[in-house]
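Inspection log for the structure reproduced underneath, given as C-alpha cells.
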2 protein chains.
Amino acid sequence: MALIVQKFGGTSVRDAERINNVADIVTSTYRQDNDVVVVVSAQGDTTDDLIAKAAEINERASKREMDMLLSAGEQISASLLAMAIERMGYPVVSLLGWQAGFDTTSDYGNARIKKVDASRIRKELDKRRIVVVTGFQGVNRYGDMTTLGRGGSDTSAVAIAATMHADLCQIYTDVDGVYTADPRKIPGAIKLPTISYDEMLELATLGAQVLHNRSVEMAKKYNIELEVLSSLTREKGTIVKEKSNVEKMLISGVAKDDNIARISIIGVPDRPGLAFKIFSKLASKGINVDIILQSIGRNGTKDISFTVEKNKMEDTIELLKSYEETWGASGIVSDDNVSKVSIVGAGMESHPGVAAEMFEALFSRNVNIQMISTSEIKISVLINKADGERAVEAIHDKFFEAV
Amino acid sequence: MALIVQKFGGTSVRDAERINNVADIVTSTYRQDNDVVVVVSAQGDTTDDLIAKAAEINERASKREMDMLLSAGEQISASLLAMAIERMGYPVVSLLGWQAGFDTTSDYGNARIKKVDASRIRKELDKRRIVVVTGFQGVNRYGDMTTLGRGGSDTSAVAIAATMHADLCQIYTDVDGVYTADPRKIPGAIKLPTISYDEMLELATLGAQVLHNRSVEMAKKYNIELEVLSSLTREKGTIVKEKSNVEKMLISGVAKDDNIARISIIGVPDRPGLAFKIFSKLASKGINVDIILQSIGRNGTKDISFTVEKNKMEDTIELLKSYEETWGASGIVSDDNVSKVSIVGAGMESHPGVAAEMFEALFSRNVNIQMISTSEIKISVLINKADGERAVEAIHDKFFEAV
C-alpha cells in the first residue's frame, strides 16, 4: 500500500462533470489499494467572483478579511468533491486547512506553511477514508484564516506529501506534462518523461507556468517525487525528481518569456560602487532585475543594461530618472519589445558547447542577440520580440530533431 | 457602555447595498459607545445556490459534507460585512463559528449549541473592535463543521447574548416588529411595543414566522431581552421579554395557519386505550398532531378527529388505513380545506370570557367552528379555509378596535 497525494486545480473541479471526473481518478487510485489524500483548489471562477464581490464593497479591504472570504472557495470545492466520492460509494471526509493541521505565518494573502500537523489526516486514513483537503489555506497562531498566495494549492499538496512521507505527489492540471517547448506553439514539442527539480525550477522562472516554484523548491528539499499530469487525458505525465533519466538529452526544454522589458542607463562614470547603488535602489522598491549586462568602460563611462518584468518598467524608469543626475548618467533608454528565450538542461553541465549550438541555431535564422545570461543549467538570450517564435523553433529543431 | 448583539438575516445582507446599510446600523450603534457583536446569516440565495450545487452532484450527500458546504455561506457574508465596516473606518474582525467558540452537538444539519466559549470575542471587544460572527454554525467535539438548522442564526445571536450577558439582542429581519395580525392582510394590525416570551412562542408556533422557537426559548431561559426590528425602516421594533407591558390588551395577536389538514377516524369502538394506540403510531412516524377532538361515545362507537401539517396528510391517511381494520373503525375522512385561527395573550389568564368574545366575533360573521383547542394563553379554532380572512378580521376588530 502506497500513500499518494493528488492535487487538482480550479479548472479540474470547475463544474459537476469535472468534479465527477476527479472523483473517478481518486477512487480508482484508492481501489488500487492506496491511501489517498486529495488537495483541491477553488472551483474555476470562484476566487475571481469572490474578489469581485469584495471590490464592490471595499477596494482596499484588509488582507485578513480577504483571506477569510477567499478561503470559502476551497471549502465549497472540497465538500462537493467529497459528495461526488460519497455517491460512488467510497468512504471520504473533507477537511479545511485548519482541520488538516496547516499552521502558517500571519502574512495574510501570502502566508508560508510553518508546519503541517497531519494527525487528523492520518487518523482518517487509518479508517480507510479518502481525505479531501482544501488547498491554498491554513491558520496562523491567532487561529485566523490565511491563504498561501500564488501556486498555494501545489504547495499545500507537497507539504502534506513531505510531512507524511508520501510515495508520490501528483499535480493534476490542464496540461498533461512538461514539454520541451510550448506544445501549442511548437508542433514538434516533446513531453518529457522526467525532469529534475532544478530544471523544473529554471523552467518555471522562465514562464512555463506548470508548477509554482515554491512547490518545486519544497519537493526538492524533502525529495518528494512529483508527477505533473492532466485530469482529462488520463495519460502518464512528467515525473519531477532529483535526477532526470533522459541522459541523451542535452537540454530539457526551451522557454520564451515576453513579459519582460530592457532598460539601459547610458554613459555612467566608470567607477566602483555605482552598480551596487543602482541595484540596491531597485531592490528597495521591490523591483526584481533579471539579466544584467555592463559594457566595458570606454572614455571613462559605461552603459548598464538589465531586464525587469514588463509591468515594472514605468516604475523603474521613474526611479532611475530621479537619480540620473546624482549618478552622472547621460540617459535612460528602455525597450519592451523584447523576448527572453532560454534553454534549460542538467545535461549542459557535462557537455560543453551547448551555448554555441544555441547561438548557431539563432544565427541560422538571422536572429540578433541583445543580451546573454547563463547559469549552470540555463542559457537565456534577449532578442527582438518579433524574432521570438522563430528563435524558439530554431533552437527546438536544433536540439530535438534527432531525438 | 452596553453590550449589544445584533443579528441580520439573509435578506438584510443580500447584496453590496444592503451590506452597506447593515454596516451603517452597526457602526452607529458602536459610535454610541456600545460594544457590538454582529451575527450574520448567509447572503440571500447563497444557501439555496449551494444546495443546488450539491444536488447536482449527490442528491443524498451526507449531512456532514452538507454542513461543510453550507457553512461557507456565512463565511462569505461575515467577511464582506467586515470589509464594509472597514471601509467606514471602524476597527472590525470577522470570526467563524469555531473561532467564536461555538461548541455544538454532532447532529449535522440540526446541531444544538452545547456551550459558547466567548473568550476570543471578549478579547476582540476589549480591543474596541466590532466583532462579526457567522451565525448558524459551530464545530463539534471532533472539530468538524456543524450547522444549527432552521432559525439557527437567531439562536447563535441569543447564545452569544446569553453567554456574554448582553444588555440587548436585536434581531433585524424583513418585518419591523411583531403585529397583532399579519399587517399585509389586516390593515388595522398594530405593532406591539412589547410581547412576552410565552406569547411569542405561541405566535411562532401558529405561523407568525418572525422568530424561531429555539431562539425564543433560549432567550426566555437566560432572560435575554430581544428586539425584533427591520434593517430598512430604522424604527423601534417589538421588545420580547419576560412580561409584556401592554396590560390593557387582552390579547397580543391573531394568527392564521393554512398549512393544516383535518383527519377523522370514524366509528371506532368506544373502549379505553385506542386513542393511545392511534397517536403513538403517528408519533413513531414523526407525524405531529395539533388539535385533537374526540366525540362522546354513542352506540358503543366514537369519532376521533385531529389536525396535522398539510404535507403530512397523505402519509397519515395511508398509515391509518393500514390499521383501520385492526382498530375496527368504519372509515377515515380528511379535509385540507381548513384554516386554524388563533388568539394569543398573557392577558387572558386573568380575564375570563376571552373565548366567548372570540366565538361571538366569529358568530357575528357567520363563521362555523369545526374544532376548538385552548391553552392558558392561547385559543385556536379550526374553520373553513374560505372563512379564514374574514375570521381574522372579525376577531382583530373585536379585540383591537378600541385600542
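Every chain in the C-alpha cells has a letter given in the order shown (A, B, ...), and although residue numbers restart at 1 in each chain, ligands are simply numbered from 1 in the order shown.
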
Using 10 Å as the limit and counting only C-alpha atoms, can you tabulate each residue of chain B that touches chain A, with its shortest atom-to-atom distance in Å and the two atoms involved, as JSON lines?
{"residue": "B:Asp15", "atom": "CA", "partner": "A:Lys53", "partner_atom": "CA", "distance": 8.8}
{"residue": "B:Ala16", "atom": "CA", "partner": "A:Ile57", "partner_atom": "CA", "distance": 5.9}
{"residue": "B:Glu17", "atom": "CA", "partner": "A:Ile57", "partner_atom": "CA", "distance": 8.4}
{"residue": "B:Ile19", "atom": "CA", "partner": "A:Ile57", "partner_atom": "CA", "distance": 8.2}
{"residue": "B:Asn20", "atom": "CA", "partner": "A:Ile57", "partner_atom": "CA", "distance": 7.6}
{"residue": "B:Leu50", "atom": "CA", "partner": "A:Ile76", "partner_atom": "CA", "distance": 8.2}
{"residue": "B:Lys53", "atom": "CA", "partner": "A:Ala16", "partner_atom": "CA", "distance": 7.7}
{"residue": "B:Ala54", "atom": "CA", "partner": "A:Leu80", "partner_atom": "CA", "distance": 6.2}
{"residue": "B:Ala55", "atom": "CA", "partner": "A:Met83", "partner_atom": "CA", "distance": 9.4}
{"residue": "B:Glu56", "atom": "CA", "partner": "A:Ala16", "partner_atom": "CA", "distance": 6.6}
{"residue": "B:Ile57", "atom": "CA", "partner": "A:Ala84", "partner_atom": "CA", "distance": 5.7}
{"residue": "B:Asn58", "atom": "CA", "partner": "A:Arg87", "partner_atom": "CA", "distance": 5.9}
{"residue": "B:Glu59", "atom": "CA", "partner": "A:Arg87", "partner_atom": "CA", "distance": 8.5}
{"residue": "B:Arg60", "atom": "CA", "partner": "A:Arg87", "partner_atom": "CA", "distance": 7.6}
{"residue": "B:Ala61", "atom": "CA", "partner": "A:Met83", "partner_atom": "CA", "distance": 5.4}
{"residue": "B:Ser62", "atom": "CA", "partner": "A:Met83", "partner_atom": "CA", "distance": 7.2}
{"residue": "B:Lys63", "atom": "CA", "partner": "A:Met83", "partner_atom": "CA", "distance": 9.9}
{"residue": "B:Arg64", "atom": "CA", "partner": "A:Val93", "partner_atom": "CA", "distance": 8.6}
{"residue": "B:Glu65", "atom": "CA", "partner": "A:Ser79", "partner_atom": "CA", "distance": 5.5}
{"residue": "B:Met66", "atom": "CA", "partner": "A:Ser79", "partner_atom": "CA", "distance": 7.3}
{"residue": "B:Asp67", "atom": "CA", "partner": "A:Ser79", "partner_atom": "CA", "distance": 8.8}
{"residue": "B:Met68", "atom": "CA", "partner": "A:Ser79", "partner_atom": "CA", "distance": 6.1}
{"residue": "B:Leu69", "atom": "CA", "partner": "A:Ile76", "partner_atom": "CA", "distance": 5.2}
{"residue": "B:Leu70", "atom": "CA", "partner": "A:Ile76", "partner_atom": "CA", "distance": 8.0}
{"residue": "B:Ser71", "atom": "CA", "partner": "A:Ala72", "partner_atom": "CA", "distance": 8.6}
{"residue": "B:Ala72", "atom": "CA", "partner": "A:Ala72", "partner_atom": "CA", "distance": 5.1}
{"residue": "B:Gly73", "atom": "CA", "partner": "A:Ala72", "partner_atom": "CA", "distance": 7.8}
{"residue": "B:Glu74", "atom": "CA", "partner": "A:Ala72", "partner_atom": "CA", "distance": 9.3}
{"residue": "B:Gln75", "atom": "CA", "partner": "A:Leu69", "partner_atom": "CA", "distance": 6.4}
{"residue": "B:Ile76", "atom": "CA", "partner": "A:Leu69", "partner_atom": "CA", "distance": 5.2}
{"residue": "B:Ser77", "atom": "CA", "partner": "A:Leu69", "partner_atom": "CA", "distance": 8.2}
{"residue": "B:Ala78", "atom": "CA", "partner": "A:Leu69", "partner_atom": "CA", "distance": 8.2}
{"residue": "B:Ser79", "atom": "CA", "partner": "A:Leu69", "partner_atom": "CA", "distance": 5.5}
{"residue": "B:Leu80", "atom": "CA", "partner": "A:Ala54", "partner_atom": "CA", "distance": 6.2}
{"residue": "B:Leu81", "atom": "CA", "partner": "A:Ile57", "partner_atom": "CA", "distance": 8.5}
{"residue": "B:Ala82", "atom": "CA", "partner": "A:Glu65", "partner_atom": "CA", "distance": 7.0}
{"residue": "B:Met83", "atom": "CA", "partner": "A:Ala61", "partner_atom": "CA", "distance": 5.4}
{"residue": "B:Ala84", "atom": "CA", "partner": "A:Ile57", "partner_atom": "CA", "distance": 5.7}
{"residue": "B:Ile85", "atom": "CA", "partner": "A:Asn58", "partner_atom": "CA", "distance": 9.1}
{"residue": "B:Glu86", "atom": "CA", "partner": "A:Ala61", "partner_atom": "CA", "distance": 7.0}
{"residue": "B:Arg87", "atom": "CA", "partner": "A:Asn58", "partner_atom": "CA", "distance": 5.9}
{"residue": "B:Met88", "atom": "CA", "partner": "A:Asn58", "partner_atom": "CA", "distance": 9.3}
{"residue": "B:Val92", "atom": "CA", "partner": "A:Glu65", "partner_atom": "CA", "distance": 9.5}
{"residue": "B:Val93", "atom": "CA", "partner": "A:Glu65", "partner_atom": "CA", "distance": 7.6}
{"residue": "B:Ser94", "atom": "CA", "partner": "A:Glu65", "partner_atom": "CA", "distance": 7.2}
{"residue": "B:Leu95", "atom": "CA", "partner": "A:Asp144", "partner_atom": "CA", "distance": 8.2}
{"residue": "B:Leu96", "atom": "CA", "partner": "A:Met68", "partner_atom": "CA", "distance": 8.8}
{"residue": "B:Trp98", "atom": "CA", "partner": "A:Gly143", "partner_atom": "CA", "distance": 9.6}
{"residue": "B:Gln99", "atom": "CA", "partner": "A:Gly143", "partner_atom": "CA", "distance": 7.1}
{"residue": "B:Arg120", "atom": "CA", "partner": "A:Tyr142", "partner_atom": "CA", "distance": 9.7}
{"residue": "B:Tyr142", "atom": "CA", "partner": "A:Gln99", "partner_atom": "CA", "distance": 9.7}
{"residue": "B:Gly143", "atom": "CA", "partner": "A:Gln99", "partner_atom": "CA", "distance": 7.0}
{"residue": "B:Asp144", "atom": "CA", "partner": "A:Gln99", "partner_atom": "CA", "distance": 7.8}
{"residue": "B:Met145", "atom": "CA", "partner": "A:Leu96", "partner_atom": "CA", "distance": 9.4}

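Residues with any atom within 12 Å of Ile296 in chain B, counting only C-alpha atoms and excluding same-chain neighbours fewer than 3 positions away, are Gly267, Val268, Pro269, Asp270, Arg271, Leu293, Asn299, Gly300, Thr301, Lys302, Asp303, Ile304 and Ser305 of chain B.
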
Selection export as a compact mmCIF listing (two decimals), in the first residue's frame, atoms kept: N, CA and C atoms:
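Output saved as part_25.txt:
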# COMPACT_ATOMS: atom_id res chain seq x y z
N GLY B 267 -66.22 6.11 13.71
CA GLY B 267 -66.87 4.91 14.26
C GLY B 267 -65.92 3.88 14.85
N VAL B 268 -64.96 4.34 15.65
CA VAL B 268 -64.12 3.35 16.32
C VAL B 268 -64.82 2.92 17.62
N PRO B 269 -64.58 1.66 18.04
CA PRO B 269 -65.23 1.18 19.26
C PRO B 269 -64.83 2.06 20.45
N ASP B 270 -65.81 2.33 21.32
CA ASP B 270 -65.57 3.23 22.45
C ASP B 270 -64.98 2.45 23.62
N ARG B 271 -63.69 2.08 23.49
CA ARG B 271 -63.06 1.37 24.60
C ARG B 271 -61.69 2.00 24.91
N LEU B 293 -59.85 16.21 18.79
CA LEU B 293 -61.24 16.27 19.24
C LEU B 293 -61.80 14.86 19.24
N ASN B 299 -73.80 4.58 20.99
CA ASN B 299 -73.96 3.24 20.41
C ASN B 299 -72.65 2.46 20.42
N GLY B 300 -71.84 2.71 21.42
CA GLY B 300 -70.59 1.95 21.55
C GLY B 300 -69.48 2.39 20.61
N THR B 301 -69.67 3.42 19.79
CA THR B 301 -68.59 3.90 18.93
C THR B 301 -68.41 5.41 19.10
N LYS B 302 -67.25 5.88 18.65
CA LYS B 302 -66.99 7.32 18.70
C LYS B 302 -66.15 7.72 17.48
N ASP B 303 -66.02 9.06 17.25
CA ASP B 303 -65.16 9.57 16.17
C ASP B 303 -63.98 10.30 16.81
N ILE B 304 -62.80 10.12 16.22
CA ILE B 304 -61.63 10.87 16.69
C ILE B 304 -61.12 11.74 15.54
N SER B 305 -61.03 13.07 15.78
CA SER B 305 -60.53 13.99 14.75
C SER B 305 -59.28 14.69 15.27

Item checked: Which of range 244-402 of chain B fall in strand (DSSP E), as a PyMOL selection string -> chain B and resi 253-257+260-269+289-294+301-309+331-335+338-344+369-375+378-384

Next item on the list: Record the distance separating CA of His396 in chain B and CA of Ala355 in chain B, expressed in Å with one decimal.
Entry: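 So the two atoms, CA of His396 in chain B and CA of Ala355 in chain B, lie 13.4 Å apart.
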
Note to self: So the first atom is CA of Asp336 in chain A and the second is CA of Leu382 in chain A; what is the distance between them in Å, to one decimal place?
What the structure shows: 11.0 Å
